[in-house]
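Have a look at entry_18.txt; it's compact mmCIF, C-alpha atoms and all ligand atoms:
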```txt
# COMPACT_ATOMS: atom_id res chain seq x y z
CA MET A 1 21.14 0.30 1.78
CA LYS A 2 17.97 -0.44 3.68
CA ILE A 3 14.70 -1.31 1.93
CA LEU A 4 11.18 -1.23 3.34
CA ILE A 5 8.83 -3.89 2.00
CA ALA A 6 5.35 -2.48 2.70
CA VAL A 7 2.80 -5.28 2.39
CA ASP A 8 -0.95 -5.40 1.90
CA MET A 9 -3.01 -8.50 1.18
CA GLU A 10 -5.60 -7.80 -1.52
CA GLY A 11 -2.94 -7.84 -4.25
CA VAL A 12 -1.32 -11.07 -3.08
CA THR A 13 -1.03 -14.08 -5.38
CA GLY A 14 -4.42 -15.73 -5.92
CA VAL A 15 -6.52 -13.33 -3.83
CA VAL A 16 -9.89 -12.44 -5.41
CA ASP A 17 -12.35 -12.26 -2.49
CA TRP A 18 -12.72 -10.72 0.99
CA SER A 19 -13.15 -14.20 2.51
CA GLN A 20 -9.50 -14.84 1.66
CA VAL A 21 -8.14 -11.79 3.48
CA ILE A 22 -10.33 -11.37 6.57
CA PRO A 23 -8.94 -12.95 9.76
CA GLY A 24 -11.27 -15.69 10.94
CA SER A 25 -12.53 -16.57 7.46
CA ALA A 26 -12.13 -20.15 6.31
CA ASP A 27 -9.71 -19.41 3.48
CA TYR A 28 -7.62 -16.84 5.39
CA PRO A 29 -4.92 -19.25 6.70
CA ARG A 30 -4.11 -20.35 3.12
CA PHE A 31 -3.74 -16.80 1.90
CA ARG A 32 -1.58 -15.72 4.86
CA LYS A 33 0.82 -18.36 3.68
CA LEU A 34 0.66 -17.08 0.10
CA MET A 35 1.17 -13.52 1.38
CA THR A 36 4.28 -14.64 3.25
CA GLY A 37 5.48 -16.34 0.06
CA ASP A 38 5.15 -13.12 -1.98
CA VAL A 39 7.06 -11.25 0.74
CA ASN A 40 9.84 -13.85 0.86
CA ALA A 41 10.24 -13.55 -2.92
CA ALA A 42 10.64 -9.78 -2.60
CA ILE A 43 13.17 -10.20 0.23
CA ALA A 44 15.19 -12.67 -1.84
CA GLY A 45 15.17 -10.25 -4.79
CA ALA A 46 16.17 -7.30 -2.62
CA PHE A 47 19.20 -9.14 -1.23
CA ALA A 48 20.10 -10.49 -4.68
CA GLY A 49 20.07 -6.87 -5.87
CA GLY A 50 22.55 -5.91 -3.17
CA VAL A 51 20.68 -4.36 -0.23
CA SER A 52 22.19 -4.65 3.24
CA SER A 53 18.97 -4.81 5.24
CA VAL A 54 15.23 -5.30 4.80
CA VAL A 55 12.37 -4.36 7.10
CA VAL A 56 8.90 -5.70 6.30
CA THR A 57 5.73 -3.88 7.39
CA ASP A 58 2.51 -5.89 7.58
CA GLY A 59 -0.06 -3.25 6.57
CA HIS A 60 -3.23 -5.30 6.15
CA ASP A 61 -6.05 -5.16 8.69
CA SER A 62 -4.41 -5.22 12.15
CA GLY A 63 -0.95 -6.00 10.77
CA ARG A 64 -0.89 -9.57 12.03
CA ASN A 65 -1.06 -11.58 8.83
CA ILE A 66 2.48 -12.47 7.75
CA LEU A 67 3.69 -15.76 9.24
CA ILE A 68 6.90 -14.77 11.04
CA GLU A 69 7.88 -18.41 11.48
CA GLU A 70 8.06 -18.72 7.69
CA LEU A 71 9.63 -15.30 7.01
CA ASP A 72 13.09 -15.07 5.46
CA SER A 73 15.35 -14.77 8.51
CA ARG A 74 17.38 -11.93 6.96
CA ALA A 75 14.44 -9.49 7.41
CA THR A 76 12.68 -7.97 10.42
CA LEU A 77 8.90 -7.60 10.66
CA ASN A 78 6.77 -4.65 11.80
CA SER A 79 3.59 -6.27 13.09
CA GLY A 80 0.52 -4.97 14.97
CA THR A 81 -1.43 -1.71 14.99
CA PRO A 82 -1.43 1.24 15.40
CA SER A 83 2.18 2.09 14.64
CA PRO A 84 3.35 5.69 14.08
CA LEU A 85 3.58 5.36 10.28
CA SER A 86 1.04 2.57 9.81
CA MET A 87 1.33 0.87 6.38
CA VAL A 88 4.75 2.45 5.77
CA GLN A 89 6.18 2.10 9.29
CA SER A 90 10.01 2.38 9.19
CA VAL A 91 10.03 4.35 5.91
CA ASP A 92 11.95 7.03 7.82
CA GLU A 93 14.90 4.57 7.94
CA ALA A 94 14.66 3.30 4.34
CA GLN A 95 16.29 4.39 1.09
CA GLY A 96 13.66 2.68 -1.08
CA VAL A 97 10.25 1.06 -0.75
CA MET A 98 8.49 -1.92 -2.34
CA PHE A 99 4.68 -2.22 -2.30
CA ILE A 100 3.82 -5.94 -2.21
CA GLY A 101 0.25 -7.26 -2.45
CA TYR A 102 -1.13 -3.77 -3.07
CA HIS A 103 -4.51 -2.96 -4.62
CA ALA A 104 -6.11 -0.24 -6.73
CA ARG A 105 -7.93 2.78 -5.34
CA MET A 106 -11.64 2.85 -4.49
CA GLY A 107 -13.65 3.02 -7.70
CA ALA A 108 -10.99 1.68 -10.08
CA ILE A 109 -12.35 -0.59 -12.82
CA ASN A 110 -11.08 -4.19 -12.77
CA GLY A 111 -9.17 -3.82 -9.52
CA ILE A 112 -9.30 -6.78 -7.13
CA LEU A 113 -11.03 -5.61 -3.93
CA ASP A 114 -10.50 -1.96 -4.89
CA HIS A 115 -10.90 0.36 -1.89
CA THR A 116 -9.15 3.17 -0.08
CA TRP A 117 -8.43 2.26 3.55
CA SER A 118 -12.01 1.27 4.41
CA ASP A 119 -14.67 0.40 1.86
CA GLU A 120 -17.33 0.65 4.58
CA ARG A 121 -16.42 4.25 5.43
CA VAL A 122 -14.47 5.93 2.62
CA SER A 123 -15.96 6.43 -0.83
CA GLY A 124 -13.24 8.74 -2.15
CA VAL A 125 -10.02 10.57 -1.28
CA TRP A 126 -8.49 13.60 -2.99
CA VAL A 127 -5.14 15.26 -2.35
CA ASN A 128 -4.81 18.67 -4.00
CA GLU A 129 -7.91 17.78 -6.07
CA ARG A 130 -6.34 14.56 -7.44
CA VAL A 131 -7.97 11.20 -6.67
CA PHE A 132 -5.73 9.20 -4.34
CA GLY A 133 -5.87 5.60 -3.19
CA GLU A 134 -3.53 3.82 -0.80
CA VAL A 135 -0.82 3.92 -3.49
CA GLY A 136 -0.92 7.72 -3.56
CA LEU A 137 -1.28 8.23 0.19
CA ASN A 138 1.43 5.79 1.25
CA GLY A 139 3.66 6.85 -1.66
CA ALA A 140 3.38 10.49 -0.61
CA VAL A 141 4.46 9.60 2.93
CA CYS A 142 7.42 7.70 1.50
CA GLY A 143 8.25 10.78 -0.60
CA TRP A 144 8.00 13.00 2.45
CA PHE A 145 10.83 10.91 3.94
CA ASN A 146 12.71 11.04 0.59
CA ALA A 147 12.26 7.33 -0.13
CA PRO A 148 11.12 6.39 -3.66
CA VAL A 149 8.71 3.53 -4.31
CA ILE A 150 10.81 1.31 -6.58
CA MET A 151 8.52 -1.65 -7.23
CA ALA A 152 4.99 -2.92 -6.67
CA SER A 153 3.11 -6.20 -7.02
CA GLY A 154 -0.62 -6.73 -7.53
CA ASP A 155 -3.08 -6.87 -10.43
CA GLN A 156 -2.79 -4.98 -13.72
CA THR A 157 -4.86 -2.04 -12.45
CA LEU A 158 -2.57 -1.61 -9.44
CA CYS A 159 0.44 -1.76 -11.77
CA ALA A 160 -1.07 1.00 -13.93
CA GLU A 161 -1.86 3.11 -10.85
CA VAL A 162 1.71 3.00 -9.51
CA LYS A 163 3.04 4.01 -12.93
CA ASP A 164 0.58 6.88 -13.04
CA PHE A 165 1.79 8.14 -9.64
CA PHE A 166 5.49 7.31 -9.62
CA GLY A 167 6.41 7.22 -13.33
CA GLU A 168 7.42 4.59 -15.86
CA LYS A 169 10.66 3.73 -14.04
CA ILE A 170 8.86 1.82 -11.31
CA GLU A 171 9.20 -1.96 -11.69
CA THR A 172 5.97 -3.96 -11.45
CA ALA A 173 5.14 -7.62 -10.88
CA GLN A 174 1.64 -8.37 -12.17
CA VAL A 175 0.54 -11.51 -10.35
CA LYS A 176 -3.04 -11.58 -11.68
CA LYS A 177 -5.27 -10.05 -14.31
CA ALA A 178 -8.46 -8.74 -12.74
CA THR A 179 -11.64 -9.19 -14.78
CA GLY A 180 -13.81 -7.50 -12.15
CA ARG A 181 -13.64 -6.52 -8.48
CA MET A 182 -13.82 -10.15 -7.40
CA SER A 183 -12.55 -12.19 -10.33
CA ALA A 184 -9.14 -12.57 -11.92
CA GLU A 185 -6.93 -14.82 -14.00
CA CYS A 186 -4.19 -15.67 -11.48
CA LEU A 187 -0.65 -16.93 -11.86
CA PRO A 188 0.18 -19.77 -9.45
CA PRO A 189 2.65 -19.09 -6.61
CA GLU A 190 5.49 -21.00 -8.24
CA GLN A 191 5.41 -18.48 -11.08
CA THR A 192 4.75 -15.35 -9.02
CA ALA A 193 7.63 -16.14 -6.65
CA LYS A 194 10.06 -16.12 -9.58
CA LEU A 195 8.47 -12.99 -11.04
CA ILE A 196 8.46 -11.00 -7.79
CA GLU A 197 12.03 -12.00 -6.95
CA GLU A 198 13.34 -10.97 -10.37
CA VAL A 199 11.43 -7.68 -10.41
CA ALA A 200 12.59 -6.82 -6.87
CA ARG A 201 16.18 -7.58 -7.80
CA ARG A 202 15.92 -5.32 -10.85
CA ALA A 203 14.31 -2.53 -8.83
CA VAL A 204 17.19 -2.51 -6.34
CA ILE A 205 19.76 -2.48 -9.14
CA ASN A 206 17.90 0.47 -10.69
CA LEU A 207 18.03 2.26 -7.35
CA ARG A 208 21.75 1.62 -6.97
CA ASN A 209 22.31 2.88 -10.52
CA GLU A 210 20.24 6.01 -9.84
CA ASN A 211 17.73 4.82 -12.40
CA ALA A 212 14.79 4.34 -10.02
CA PRO A 213 11.77 6.67 -9.73
CA LYS A 214 12.31 9.88 -7.78
CA PRO A 215 10.63 10.22 -4.36
CA PHE A 216 6.97 11.17 -4.89
CA LYS A 217 6.35 14.68 -3.56
CA VAL A 218 3.02 16.47 -3.33
CA SER A 219 3.03 20.25 -3.54
CA THR A 220 2.25 22.34 -0.47
CA PRO A 221 -0.11 23.37 0.99
CA ILE A 222 -1.44 19.81 0.96
CA LYS A 223 -5.23 19.72 0.89
CA LEU A 224 -6.82 16.41 1.85
CA GLU A 225 -10.49 15.69 1.17
CA ILE A 226 -12.22 12.51 2.26
CA GLU A 227 -15.71 11.60 1.10
CA PHE A 228 -17.42 9.29 3.56
CA VAL A 229 -20.03 6.68 2.71
CA GLN A 230 -22.68 8.03 5.15
CA SER A 231 -23.34 11.60 6.29
CA GLU A 232 -23.03 10.78 9.99
CA MET A 233 -19.49 9.53 9.34
CA ALA A 234 -18.63 12.98 7.97
CA ASP A 235 -20.37 14.53 11.03
CA LYS A 236 -18.17 12.50 13.39
CA ALA A 237 -14.92 13.06 11.43
CA SER A 238 -15.43 16.83 11.21
CA LEU A 239 -15.25 17.00 15.04
CA MET A 240 -11.45 16.69 14.74
CA PRO A 241 -9.79 20.04 15.50
CA GLY A 242 -8.45 21.52 12.26
CA ALA A 243 -10.87 19.57 10.07
CA GLN A 244 -13.59 21.28 8.09
CA ARG A 245 -16.77 19.98 6.56
CA GLY A 246 -16.66 20.23 2.78
CA ARG A 247 -19.53 19.68 0.40
CA ASP A 248 -21.90 16.75 0.81
CA ARG A 249 -20.17 13.98 2.78
CA ARG A 250 -16.68 15.43 2.48
CA VAL A 251 -14.29 16.49 5.24
CA GLU A 252 -11.18 18.56 4.51
CA PHE A 253 -7.83 19.02 6.23
CA THR A 254 -4.85 21.11 5.08
CA SER A 255 -1.19 21.09 6.19
CA ASP A 256 2.29 21.64 4.74
CA ASN A 257 3.50 18.36 6.28
CA MET A 258 2.59 15.08 4.53
CA ALA A 259 3.23 13.01 7.66
CA THR A 260 0.68 15.20 9.45
CA VAL A 261 -1.80 14.82 6.59
CA TYR A 262 -1.42 11.03 6.81
CA GLN A 263 -1.99 11.12 10.55
CA ALA A 264 -5.06 13.34 10.02
CA PHE A 265 -6.37 10.93 7.36
CA ARG A 266 -6.07 7.98 9.74
CA THR A 267 -7.67 9.94 12.58
CA LEU A 268 -10.59 11.11 10.43
CA VAL A 269 -11.32 7.59 9.20
CA THR A 270 -11.07 6.26 12.77
CA LEU A 271 -13.50 8.92 14.06
CA ALA A 272 -15.97 8.04 11.31
CA ARG A 273 -16.45 4.55 12.72
ZN ZN B 301 -5.53 -4.58 2.92
```

As C-alpha cells - that is how I would like this structure written.
Amino acid sequence: MKILIAVDMEGVTGVVDWSQVIPGSADYPRFRKLMTGDVNAAIAGAFAGGVSSVVVTDGHDSGRNILIEELDSRATLNSGTPSPLSMVQSVDEAQGVMFIGYHARMGAINGILDHTWSDERVSGVWVNERVFGEVGLNGAVCGWFNAPVIMASGDQTLCAEVKDFFGEKIETAQVKKATGRMSAECLPPEQTAKLIEEVARRAVINLRNENAPKPFKVSTPIKLEIEFVQSEMADKASLMPGAQRGRDRRVEFTSDNMATVYQAFRTLVTLAR
C-alpha cells in the first residue's frame, strides 16, 4: 500500500502569519523545519499503520520548502514546480492521501491564512455551484484517481472543511485553534508530532479495514467557476481556449474529466497574473 502525503504550509504547527511561510522572510527557515517535523510525524504514523511506501509532495509556493536532509529516509519527496499534478503529484500511484499543513478555503471564518490558491488573484471558486477551496479541488483530483483522503492536519476550520467534503470517517489532527485569519492558540511541536503520528496511524488502519472515507467524486459535467480579484485578471484568464467569461469577474470552464478541470484551474490562475 502506497500513501501520498500532500503537504501545504499554512496549516503547519505554529504558523499564523505570511511572514512565516514566504521564502526569504525572516521566520521562514524556522517554519520549514516545523513543516518537515509535521511531515515526519505523518510518515512515522503511516508506516506504523502498515503502509509499504510513502511519497511526499511539497505543495506550498514553489514546492521547495521541506528540508530533505531532515526527511524520514523511508519516504521520497516530490519537490519543485510545475509538476503534472501539482499539490497532489503522484496521487495516480497512491491508494490513500493525507493532507498535512492544509488550510481553509478563501473566505472561511477563523481559518489561518485562508485562501484558495492565490489570495492576490482568486476571490472564490465554485465547482458545480458549490464553494471549493484547495481541500475540495485537490480532494476531487484524488477522487478522480480513486484515492480517498484519509486524514488531514491544520486548524479547526480546516478540520471541519475536510469533514464537510469527505465525510465523518476522515481522521483529523487539529494542531491549532484559529481565533482569526492571523491568530491562533497553537500546540507546541512536541505535542503535534505525537498527535499527527497517532492520527496518521489510525487513518491507515481505517483504510486497511475498509473503514476510511470513499474517494471524493464530483458529478459530471464538471463546471468550474473562478472569481478573480480584479476584472483584468478575468479578462486575461478568459483568453484560454474553452474558457468563458461568466458574470462580473468570473471565468467558467466545463469538462467531464477532473484532471482536466484541475489543469484548467491552474492555467486560468496563471494567465490572470
Ligand atoms: Zn500554501

Contact check, chain A to ligand ZN 301 (chain B), at most 12 Å, counting all atoms listed in the file, closest pairs as a tab-separated table:
```
residue	atom	partner	partner_atom	distance
A:Ala6	CA	B:ZN301	ZN	11.1
A:Val7	CA	B:ZN301	ZN	8.4
A:Asp8	CA	B:ZN301	ZN	4.8
A:Met9	CA	B:ZN301	ZN	5.0
A:Glu10	CA	B:ZN301	ZN	5.5
A:Gly11	CA	B:ZN301	ZN	8.3
A:Val12	CA	B:ZN301	ZN	9.8
A:Val15	CA	B:ZN301	ZN	11.1
A:Asp17	CA	B:ZN301	ZN	11.6
A:Trp18	CA	B:ZN301	ZN	9.6
A:Gln20	CA	B:ZN301	ZN	11.1
A:Val21	CA	B:ZN301	ZN	7.7
A:Ile22	CA	B:ZN301	ZN	9.1
A:Pro23	CA	B:ZN301	ZN	11.3
A:Arg32	CA	B:ZN301	ZN	12.0
A:Met35	CA	B:ZN301	ZN	11.3
A:Asp58	CA	B:ZN301	ZN	9.4
A:Gly59	CA	B:ZN301	ZN	6.7
A:His60	CA	B:ZN301	ZN	4.0
A:Asp61	CA	B:ZN301	ZN	5.8
A:Ser62	CA	B:ZN301	ZN	9.3
A:Gly63	CA	B:ZN301	ZN	9.2
A:Arg64	CA	B:ZN301	ZN	11.4
A:Asn65	CA	B:ZN301	ZN	10.2
A:Ser86	CA	B:ZN301	ZN	11.9
A:Met87	CA	B:ZN301	ZN	9.4
A:Phe99	CA	B:ZN301	ZN	11.7
A:Ile100	CA	B:ZN301	ZN	10.8
A:Gly101	CA	B:ZN301	ZN	8.3
A:Tyr102	CA	B:ZN301	ZN	7.5
A:His103	CA	B:ZN301	ZN	7.8
A:Ala104	CA	B:ZN301	ZN	10.6
A:Arg105	CA	B:ZN301	ZN	11.3
A:Ile112	CA	B:ZN301	ZN	11.0
A:Leu113	CA	B:ZN301	ZN	8.8
A:Asp114	CA	B:ZN301	ZN	9.6
A:His115	CA	B:ZN301	ZN	8.7
A:Thr116	CA	B:ZN301	ZN	9.1
A:Trp117	CA	B:ZN301	ZN	7.5
A:Ser118	CA	B:ZN301	ZN	8.9
A:Asp119	CA	B:ZN301	ZN	10.5
A:Gly133	CA	B:ZN301	ZN	11.9
A:Glu134	CA	B:ZN301	ZN	9.4
A:Val135	CA	B:ZN301	ZN	11.6
A:Gly154	CA	B:ZN301	ZN	11.7
```

Worksheet item: Which one is closest to Val141 of chain A: A:Met182, A:Val55, A:Val261, A:Val175? Count only C-alpha atoms.
Response: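 For Val141 of chain A, the nearest of the given residues is A:Val261.
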
Item to complete: Show which residues sit within 9 Å of Thr220 of chain A, as a ChimeraX atom specification. Count only C-alpha atoms, and ignore same-chain residues fewer than 3 positions away.
Response: /A:128,223,255-258

Worksheet item: Which distance in Å separates atom CA of Leu271 of chain A and atom CA of Arg181 of chain A, to one decimal?
Response: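 Atom-to-atom, atom CA of Leu271 of chain A and atom CA of Arg181 of chain A are spaced 27.3 Å apart.
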
Might you pull out every residue within 7 Å of Asn110 of chain A, with only C-alpha atoms counted and same-chain residues fewer than 5 positions away left off, and present them as a compact mmCIF listing (two decimals) with C-alpha atoms, in the frame of the given file?
```txt
# COMPACT_ATOMS: atom_id res chain seq x y z
CA THR A 157 -4.86 -2.04 -12.45
CA ALA A 178 -8.46 -8.74 -12.74
CA THR A 179 -11.64 -9.19 -14.78
CA GLY A 180 -13.81 -7.50 -12.15
CA ARG A 181 -13.64 -6.52 -8.48
```

Neighbour list for Pro241 of chain A as a compact mmCIF listing (two decimals) with C-alpha atoms, in the frame of the given file, cut-off 12 Å, all atoms listed in the file, skip fewer than 2 positions in-chain:
```txt
# COMPACT_ATOMS: atom_id res chain seq x y z
CA LYS A 236 -18.17 12.50 13.39
CA ALA A 237 -14.92 13.06 11.43
CA SER A 238 -15.43 16.83 11.21
CA LEU A 239 -15.25 17.00 15.04
CA ALA A 243 -10.87 19.57 10.07
CA GLN A 244 -13.59 21.28 8.09
CA ARG A 245 -16.77 19.98 6.56
CA VAL A 251 -14.29 16.49 5.24
CA GLU A 252 -11.18 18.56 4.51
CA PHE A 253 -7.83 19.02 6.23
CA THR A 254 -4.85 21.11 5.08
CA ALA A 264 -5.06 13.34 10.02
CA THR A 267 -7.67 9.94 12.58
CA LEU A 268 -10.59 11.11 10.43
CA LEU A 271 -13.50 8.92 14.06
```

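Nearest to Ala203 of chain A of all the residues A:Pro221, A:Pro148, A:Gly139, A:Gly242 is A:Pro148, counting all atoms listed in the file.
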
Discussion item. Can you measure atom CA of Gly49 of chain A to atom CA of Val204 of chain A for me? One decimal in Å is fine.
Written reply: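 It comes out at 5.2 Å.
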
Scan for residues within 6 Å of the point (15.0, -7.4, -5.8) in the coordinates of the file, using only C-alpha atoms, and reply as an mmCIF file with C-alpha atoms, in the frame of the given file.
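Now in result_12.cif:
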```cif
data_model
loop_
_atom_site.group_PDB
_atom_site.id
_atom_site.type_symbol
_atom_site.label_atom_id
_atom_site.label_comp_id
_atom_site.auth_asym_id
_atom_site.auth_seq_id
_atom_site.Cartn_x
_atom_site.Cartn_y
_atom_site.Cartn_z
ATOM 1 C CA ALA A 42 10.640 -9.780 -2.600
ATOM 2 C CA GLY A 45 15.170 -10.250 -4.790
ATOM 3 C CA ALA A 46 16.170 -7.300 -2.620
ATOM 4 C CA GLY A 49 20.070 -6.870 -5.870
ATOM 5 C CA GLU A 197 12.030 -12.000 -6.950
ATOM 6 C CA VAL A 199 11.430 -7.680 -10.410
ATOM 7 C CA ALA A 200 12.590 -6.820 -6.870
ATOM 8 C CA ARG A 201 16.180 -7.580 -7.800
ATOM 9 C CA ARG A 202 15.920 -5.320 -10.850
ATOM 10 C CA ALA A 203 14.310 -2.530 -8.830
ATOM 11 C CA VAL A 204 17.190 -2.510 -6.340
#
```

Discussion item. I'd like the interatomic distance between atom CA of Ala147 of chain A and atom CA of Ala75 of chain A, to a tenth of an Å.
Written reply: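 Atom CA of Ala147 of chain A sits 18.6 Å away from atom CA of Ala75 of chain A.
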
Item to complete: Quick one: everything within 10 Å of Lys163 of chain A, counting all atoms listed in the file, minus sequence neighbours fewer than 6 positions away in the same chain. Send it as a ChimeraX atom specification.
Response: /A:151-152,157,169-172,213

Response to the item:
Min atom-atom distance to Phe31 of chain A from the set A:Leu71, A:Ser83, A:Pro189, A:Ser52, counting only C-alpha atoms, belongs to A:Pro189

Worksheet entry | Shortest interatomic distance to Leu67 of chain A - which of A:Val51, A:Met98, A:Asp155, A:Lys33, counting all atoms listed in the file |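 The closest residue to Leu67 of chain A is A:Lys33.
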